[in-house]
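Reproduced below: model-v8.json, with JSON, C-alpha atoms.
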[["chain", "number", "residue", "atom", "x", "y", "z"],
["A", 6, "MET", "CA", 109.32, 180.00, -50.55],
["A", 7, "LYS", "CA", 111.36, 179.69, -53.76],
["A", 8, "LEU", "CA", 111.49, 175.94, -53.30],
["A", 9, "ILE", "CA", 107.70, 175.73, -52.94],
["A", 10, "LEU", "CA", 107.28, 177.87, -56.06],
["A", 11, "ARG", "CA", 109.61, 175.64, -58.05],
["A", 12, "ILE", "CA", 107.78, 172.53, -56.91],
["A", 13, "SER", "CA", 104.44, 174.11, -57.86],
["A", 14, "VAL", "CA", 105.75, 175.01, -61.31],
["A", 15, "PHE", "CA", 107.07, 171.48, -61.78],
["A", 16, "ILE", "CA", 103.75, 169.93, -60.78],
["A", 17, "MET", "CA", 101.79, 172.26, -63.08],
["A", 18, "SER", "CA", 104.13, 171.46, -65.99],
["A", 19, "ALA", "CA", 103.71, 167.74, -65.39],
["A", 20, "LEU", "CA", 99.93, 168.09, -65.29],
["A", 21, "LEU", "CA", 99.90, 170.07, -68.54],
["A", 22, "ILE", "CA", 102.00, 167.39, -70.23],
["A", 23, "MET", "CA", 99.62, 164.68, -69.00],
["A", 24, "VAL", "CA", 96.61, 166.62, -70.24],
["A", 25, "GLY", "CA", 98.29, 167.16, -73.59],
["A", 26, "ILE", "CA", 98.95, 163.44, -73.95],
["A", 27, "ALA", "CA", 95.35, 162.62, -73.03],
["A", 28, "VAL", "CA", 94.01, 165.14, -75.55],
["A", 29, "ALA", "CA", 96.29, 163.75, -78.26],
["A", 30, "LYS", "CA", 95.09, 160.20, -77.57],
["A", 31, "THR", "CA", 91.46, 161.32, -77.64],
["A", 32, "TYR", "CA", 92.04, 163.16, -80.92],
["A", 33, "ALA", "CA", 93.62, 160.06, -82.43],
["A", 34, "GLN", "CA", 90.60, 157.98, -81.42],
["A", 35, "ASN", "CA", 88.12, 160.51, -82.84],
["A", 36, "ALA", "CA", 89.96, 162.02, -85.82],
["A", 37, "ASP", "CA", 87.69, 163.03, -88.69],
["A", 38, "PRO", "CA", 87.78, 160.25, -91.33],
["A", 39, "ASN", "CA", 87.67, 162.93, -94.04],
["A", 40, "VAL", "CA", 90.98, 164.30, -92.77],
["A", 41, "LEU", "CA", 92.48, 160.80, -92.74],
["A", 42, "ILE", "CA", 91.37, 160.12, -96.31],
["A", 43, "ASN", "CA", 92.91, 163.37, -97.53],
["A", 44, "SER", "CA", 96.12, 162.54, -95.71],
["A", 45, "LEU", "CA", 96.33, 159.03, -97.14],
["A", 46, "LYS", "CA", 96.04, 160.39, -100.67],
["A", 47, "GLY", "CA", 99.41, 162.08, -100.23],
["A", 48, "GLY", "CA", 101.08, 158.93, -98.92],
["A", 49, "GLY", "CA", 103.45, 158.58, -95.99],
["A", 50, "TYR", "CA", 101.19, 156.59, -93.64],
["A", 51, "VAL", "CA", 101.13, 153.06, -92.26],
["A", 52, "VAL", "CA", 97.70, 151.41, -92.17],
["A", 53, "VAL", "CA", 97.38, 148.61, -89.62],
["A", 54, "LEU", "CA", 94.31, 146.66, -90.69],
["A", 55, "ARG", "CA", 92.62, 143.91, -88.75],
["A", 56, "HIS", "CA", 91.61, 141.25, -91.28],
["A", 57, "GLY", "CA", 88.09, 141.38, -92.68],
["A", 58, "ALA", "CA", 84.96, 139.78, -91.24],
["A", 59, "THR", "CA", 85.25, 136.02, -90.80],
["A", 60, "ASP", "CA", 83.07, 132.93, -90.64],
["A", 61, "HIS", "CA", 82.94, 132.22, -86.90],
["A", 62, "SER", "CA", 81.50, 128.76, -87.48],
["A", 63, "GLN", "CA", 85.08, 127.88, -88.45],
["A", 64, "SER", "CA", 88.10, 127.81, -86.16],
["A", 65, "ASP", "CA", 91.86, 127.54, -86.44],
["A", 66, "VAL", "CA", 93.45, 124.18, -85.71],
["A", 67, "GLN", "CA", 96.00, 124.50, -82.91],
["A", 68, "PRO", "CA", 98.86, 124.66, -83.48],
["A", 69, "PRO", "CA", 98.06, 126.56, -86.70],
["A", 70, "ASP", "CA", 98.50, 124.89, -90.07],
["A", 71, "TYR", "CA", 99.45, 127.68, -92.48],
["A", 72, "THR", "CA", 99.48, 125.37, -95.50],
["A", 73, "ASP", "CA", 95.89, 124.10, -95.25],
["A", 74, "VAL", "CA", 93.17, 126.77, -95.40],
["A", 75, "THR", "CA", 90.50, 124.19, -94.50],
["A", 76, "LYS", "CA", 92.00, 124.16, -91.01],
["A", 77, "GLN", "CA", 91.68, 127.93, -90.57],
["A", 78, "ARG", "CA", 88.94, 130.47, -89.87],
["A", 79, "ARG", "CA", 88.53, 132.27, -93.18],
["A", 80, "LEU", "CA", 86.83, 135.40, -94.49],
["A", 81, "SER", "CA", 83.06, 135.24, -94.77],
["A", 82, "ASN", "CA", 81.34, 136.30, -97.99],
["A", 83, "ALA", "CA", 80.42, 139.56, -96.25],
["A", 84, "GLY", "CA", 84.06, 140.05, -95.28],
["A", 85, "ARG", "CA", 85.18, 139.58, -98.89],
["A", 86, "ASP", "CA", 82.51, 141.96, -100.16],
["A", 87, "THR", "CA", 83.52, 144.66, -97.69],
["A", 88, "ALA", "CA", 87.21, 144.23, -98.51],
["A", 89, "ARG", "CA", 86.37, 144.52, -102.20],
["A", 90, "GLN", "CA", 84.36, 147.71, -101.64],
["A", 91, "ILE", "CA", 87.21, 149.21, -99.63],
["A", 92, "GLY", "CA", 89.71, 148.30, -102.33],
["A", 93, "ASN", "CA", 87.59, 149.79, -105.10],
["A", 94, "SER", "CA", 87.03, 152.98, -103.13],
["A", 95, "LEU", "CA", 90.74, 153.41, -102.39],
["A", 96, "LYS", "CA", 91.59, 152.87, -106.05],
["A", 97, "GLU", "CA", 89.04, 155.45, -107.21],
["A", 98, "THR", "CA", 90.40, 157.98, -104.75],
["A", 99, "GLY", "CA", 94.04, 157.42, -105.66],
["A", 100, "ILE", "CA", 95.23, 156.00, -102.35],
["A", 101, "VAL", "CA", 98.18, 153.77, -103.15],
["A", 102, "PHE", "CA", 100.03, 151.10, -101.17],
["A", 103, "GLY", "CA", 103.68, 150.53, -102.01],
["A", 104, "GLN", "CA", 104.15, 147.58, -99.68],
["A", 105, "VAL", "CA", 101.68, 145.13, -98.19],
["A", 106, "LYS", "CA", 102.62, 142.69, -95.45],
["A", 107, "THR", "CA", 100.12, 140.23, -94.01],
["A", 108, "SER", "CA", 99.68, 137.41, -91.57],
["A", 109, "LEU", "CA", 100.45, 133.87, -92.76],
["A", 110, "LEU", "CA", 96.81, 132.94, -92.15],
["A", 111, "ASP", "CA", 94.55, 132.95, -95.19],
["A", 112, "ARG", "CA", 92.14, 135.55, -93.79],
["A", 113, "GLY", "CA", 95.01, 138.02, -93.57],
["A", 114, "ILE", "CA", 96.45, 137.20, -96.98],
["A", 115, "GLU", "CA", 93.06, 137.40, -98.70],
["A", 116, "THR", "CA", 92.19, 140.69, -97.01],
["A", 117, "GLY", "CA", 95.52, 142.21, -98.08],
["A", 118, "LYS", "CA", 95.18, 141.11, -101.69],
["A", 119, "ILE", "CA", 91.58, 142.28, -102.09],
["A", 120, "VAL", "CA", 92.06, 145.66, -100.39],
["A", 121, "SER", "CA", 95.38, 146.58, -102.01],
["A", 122, "GLY", "CA", 95.03, 144.96, -105.43],
["A", 123, "ILE", "CA", 98.74, 144.10, -105.43],
["A", 124, "GLU", "CA", 100.91, 141.18, -104.38],
["A", 125, "VAL", "CA", 101.37, 140.76, -100.65],
["A", 126, "THR", "CA", 104.16, 139.44, -98.46],
["A", 127, "PRO", "CA", 102.91, 137.03, -95.77],
["A", 128, "VAL", "CA", 105.16, 137.07, -92.69],
["A", 129, "LEU", "CA", 105.23, 135.28, -89.35],
["A", 130, "ASP", "CA", 105.72, 138.65, -87.62],
["A", 131, "LEU", "CA", 102.08, 139.65, -88.32],
["A", 132, "THR", "CA", 100.56, 136.20, -87.75],
["A", 133, "GLU", "CA", 98.10, 135.84, -84.89],
["A", 134, "SER", "CA", 99.60, 135.76, -81.40],
["A", 135, "GLY", "CA", 97.13, 133.16, -80.20],
["A", 136, "ASP", "CA", 97.15, 130.70, -77.29],
["A", 137, "SER", "CA", 99.65, 128.41, -79.00],
["A", 138, "VAL", "CA", 102.26, 131.20, -79.16],
["A", 139, "ASP", "CA", 104.56, 131.52, -76.14],
["A", 140, "GLN", "CA", 105.08, 134.86, -74.40],
["A", 141, "PRO", "CA", 108.58, 135.60, -75.74],
["A", 142, "GLU", "CA", 107.32, 135.15, -79.31],
["A", 143, "LYS", "CA", 104.26, 137.32, -78.60],
["A", 144, "ASP", "CA", 106.57, 140.01, -77.26],
["A", 145, "ARG", "CA", 108.79, 139.74, -80.33],
["A", 146, "ARG", "CA", 105.86, 140.09, -82.73],
["A", 147, "SER", "CA", 104.55, 143.07, -80.76],
["A", 148, "GLN", "CA", 107.90, 144.82, -81.02],
["A", 149, "VAL", "CA", 108.13, 144.12, -84.75],
["A", 150, "LEU", "CA", 104.67, 145.64, -85.29],
["A", 151, "ARG", "CA", 105.64, 148.74, -83.31],
["A", 152, "ASP", "CA", 108.82, 148.98, -85.38],
["A", 153, "LEU", "CA", 106.95, 148.60, -88.68],
["A", 154, "VAL", "CA", 104.59, 151.53, -88.01],
["A", 155, "GLY", "CA", 107.68, 153.70, -87.60],
["A", 156, "VAL", "CA", 109.06, 152.90, -91.06],
["A", 157, "SER", "CA", 108.30, 155.61, -93.63],
["A", 158, "PRO", "CA", 106.80, 154.34, -96.92],
["A", 159, "GLU", "CA", 108.26, 155.32, -100.27],
["A", 160, "PRO", "CA", 107.21, 158.84, -101.36],
["A", 161, "GLY", "CA", 103.57, 159.19, -102.40],
["A", 162, "LYS", "CA", 102.60, 155.75, -101.12],
["A", 163, "ASN", "CA", 101.38, 154.12, -97.92],
["A", 164, "THR", "CA", 102.16, 150.80, -96.25],
["A", 165, "LEU", "CA", 99.46, 148.25, -95.43],
["A", 166, "LEU", "CA", 99.93, 145.77, -92.56],
["A", 167, "VAL", "CA", 97.19, 143.16, -92.19],
["A", 168, "THR", "CA", 97.22, 141.40, -88.84],
["A", 169, "HIS", "CA", 95.01, 140.27, -85.95],
["A", 170, "LYS", "CA", 93.38, 141.77, -82.87],
["A", 171, "PRO", "CA", 95.70, 140.14, -80.30],
["A", 172, "ASN", "CA", 98.76, 141.46, -82.12],
["A", 173, "ILE", "CA", 97.32, 144.98, -82.31],
["A", 174, "VAL", "CA", 96.33, 145.05, -78.63],
["A", 175, "PHE", "CA", 99.63, 143.54, -77.44],
["A", 176, "ALA", "CA", 101.58, 146.09, -79.49],
["A", 177, "PHE", "CA", 99.56, 149.26, -78.83],
["A", 178, "GLY", "CA", 97.54, 148.65, -75.69],
["A", 179, "ASP", "CA", 93.93, 148.91, -74.58],
["A", 180, "LYS", "CA", 93.23, 152.02, -76.66],
["A", 181, "LEU", "CA", 92.74, 149.61, -79.58],
["A", 182, "ALA", "CA", 91.14, 146.79, -77.60],
["A", 183, "ASP", "CA", 87.79, 147.35, -79.34],
["A", 184, "ILE", "CA", 89.14, 147.25, -82.91],
["A", 185, "ASP", "CA", 86.67, 145.46, -85.18],
["A", 186, "GLU", "CA", 87.28, 143.03, -88.00],
["A", 187, "GLY", "CA", 88.05, 145.15, -91.05],
["A", 188, "GLU", "CA", 88.87, 148.26, -88.99],
["A", 189, "ALA", "CA", 92.11, 150.16, -89.54],
["A", 190, "ALA", "CA", 94.41, 152.09, -87.22],
["A", 191, "ILE", "CA", 96.34, 154.78, -89.09],
["A", 192, "PHE", "CA", 99.89, 155.61, -88.03],
["A", 193, "LYS", "CA", 102.23, 158.41, -89.12],
["A", 194, "PRO", "CA", 105.97, 157.59, -88.92],
["A", 195, "ASP", "CA", 107.86, 160.41, -87.20],
["A", 196, "GLY", "CA", 111.16, 159.89, -89.04],
["A", 197, "ALA", "CA", 112.87, 158.64, -85.89],
["A", 198, "GLY", "CA", 111.61, 155.06, -85.94],
["A", 199, "HIS", "CA", 108.33, 155.68, -84.13],
["A", 200, "GLY", "CA", 104.77, 155.75, -85.47],
["A", 201, "ASP", "CA", 102.07, 157.99, -84.00],
["A", 202, "LEU", "CA", 98.45, 156.82, -84.01],
["A", 203, "VAL", "CA", 96.54, 159.54, -85.86],
["A", 204, "GLY", "CA", 93.12, 157.92, -86.22],
["A", 205, "ARG", "CA", 90.92, 154.94, -86.88],
["A", 206, "VAL", "CA", 88.67, 154.04, -89.80],
["A", 207, "LYS", "CA", 85.86, 151.51, -89.45],
["A", 208, "PRO", "CA", 84.89, 149.28, -92.41],
["A", 209, "GLY", "CA", 81.82, 151.33, -93.35],
["A", 210, "ASP", "CA", 83.67, 154.62, -93.06],
["A", 211, "TRP", "CA", 85.95, 153.85, -96.01],
["A", 212, "MET", "CA", 83.08, 153.73, -98.47],
["A", 213, "GLY", "CA", 81.02, 156.52, -96.90],
["A", 214, "VAL", "CA", 83.89, 158.96, -96.56],
["A", 215, "ILE", "CA", 85.20, 158.30, -100.06],
["A", 216, "MET", "CA", 81.71, 158.66, -101.60],
["A", 217, "GLN", "CA", 81.40, 162.03, -99.84],
["A", 218, "HIS", "CA", 84.94, 162.94, -100.90],
["A", 219, "ASN", "CA", 84.10, 162.30, -104.57],
["A", 220, "MET", "CA", 80.81, 164.28, -104.57]]
Represent the structure contained in this file as structure tokens.
Amino acid sequence: MKLILRISVFIMSALLIMVGIAVAKTYAQNADPNVLINSLKGGGYVVVLRHGATDHSQSDVQPPDYTDVTKQRRLSNAGRDTARQIGNSLKETGIVFGQVKTSLLDRGIETGKIVSGIEVTPVLDLTESGDSVDQPEKDRRSQVLRDLVGVSPEPGKNTLLVTHKPNIVFAFGDKLADIDEGEAAIFKPDGAGHGDLVGRVKPGDWMGVIMQHNM
């Protein structure tokens, strides 16, 4: 009888933990953008941003040529305009980035510069894990991205990482499989080398939320 009771308690505990994890994931997917904006103002977050909207009439040469932007898919005019609006809104609200790392591809570099308004550091680690990249290198880049969201920014500032959809999905799974161009996933480093996903902000939300915030 005691054994059955212990097993029942164990099963119930496991179920409660699973429910708690599911609720936490759902909350992260549906967190109020107003709350995220207020949090970002105080610093301490890592923003993983998929590059802005691109011109899909263009395509990347394979293997990629990082030195020639004419051989890459680049931001569209709409993508640049949206990035500029996001950057202006963040500046007006006092959201500051202390460090900005981007993909080596021009669409990542340009997005990072426009949104942050500061110099960026292009790195291979955040460059697109496309078809020309072998699996060990994809795995390495995924691990680096997971590591980066666990690094706490300097006090009062946030970190911006501009990368690509494959990298985000490989690193964090299907919960971000529908991330749009220009959409951000917000992570909070836990102080132990891990970053928790606390919410997502779509391109239009940045401007709308900040306009409401400043009313």
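Separating CA of His61 (chain A) from CA of Phe192 (chain A) is a distance of 28.9 Å.
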Item to check | Nearest residue to Ser62 (chain A) from the set A:Asn172, A:Arg79, A:Asp210, A:Leu153 (distances using all atoms listed in the file) | outcome: A:Arg79
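Candidate residues A:Glu142, A:Asp195, A:Gln67, A:Leu166 were compared for distance to Lys106 (chain A), and the nearest is A:Leu166, using all atoms listed in the file.
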Next on the checklist: Taking (91.6, 155.5, -102.0) in the coordinates of the supplied file, I want to know which residues reach to within 9 Å of it, counting all atoms listed in the file; could you give the answer as a list in words?
Outcome noted: Ile42, Leu45, Lys46, Ile91, Gly92, Asn93, Ser94, Leu95, Lys96, Glu97, Thr98, Gly99, Ile100, Val101, Trp211 and Ile215 of chain A
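Distance-wise, CA of Val156 (chain A) and CA of Gly204 (chain A) end up 17.4 Å apart.
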Next on the checklist: Applying 6 Å and only C-alpha atoms, which residues near region 82-89 of chain A remain after dropping the ones on its own chain fewer than 4 positions away? List them as a VMD selection string.
Outcome noted: chain A and resid 57 to 58 119 to 120
Item to check | Separation of CA of Val52 (chain A) from CA of Val66 (chain A), in Å and rounded to one decimal | outcome: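 Between these atoms lies a distance of 28.3 Å.
The nearest approach to Pro158 (chain A) among the residues A:Leu54, A:Arg112, A:Lys193, A:Asn39, with all atoms listed in the file taken into account, belongs to A:Lys193.
Close to (99.1, 161.1, -98.4), meaning no more than 8 Å away when counting only C-alpha atoms, sit the residues Asn43, Ser44, Leu45, Lys46, Gly47, Gly48, Gly49, Tyr50, Ile100, Gly161, Lys162 and Asn163 of chain A.
Among A:Arg78, A:Arg145, A:His169, A:Lys118, the residue with the shortest atom-to-atom distance to Asp65 (chain A), counting only C-alpha atoms, is A:Arg78.
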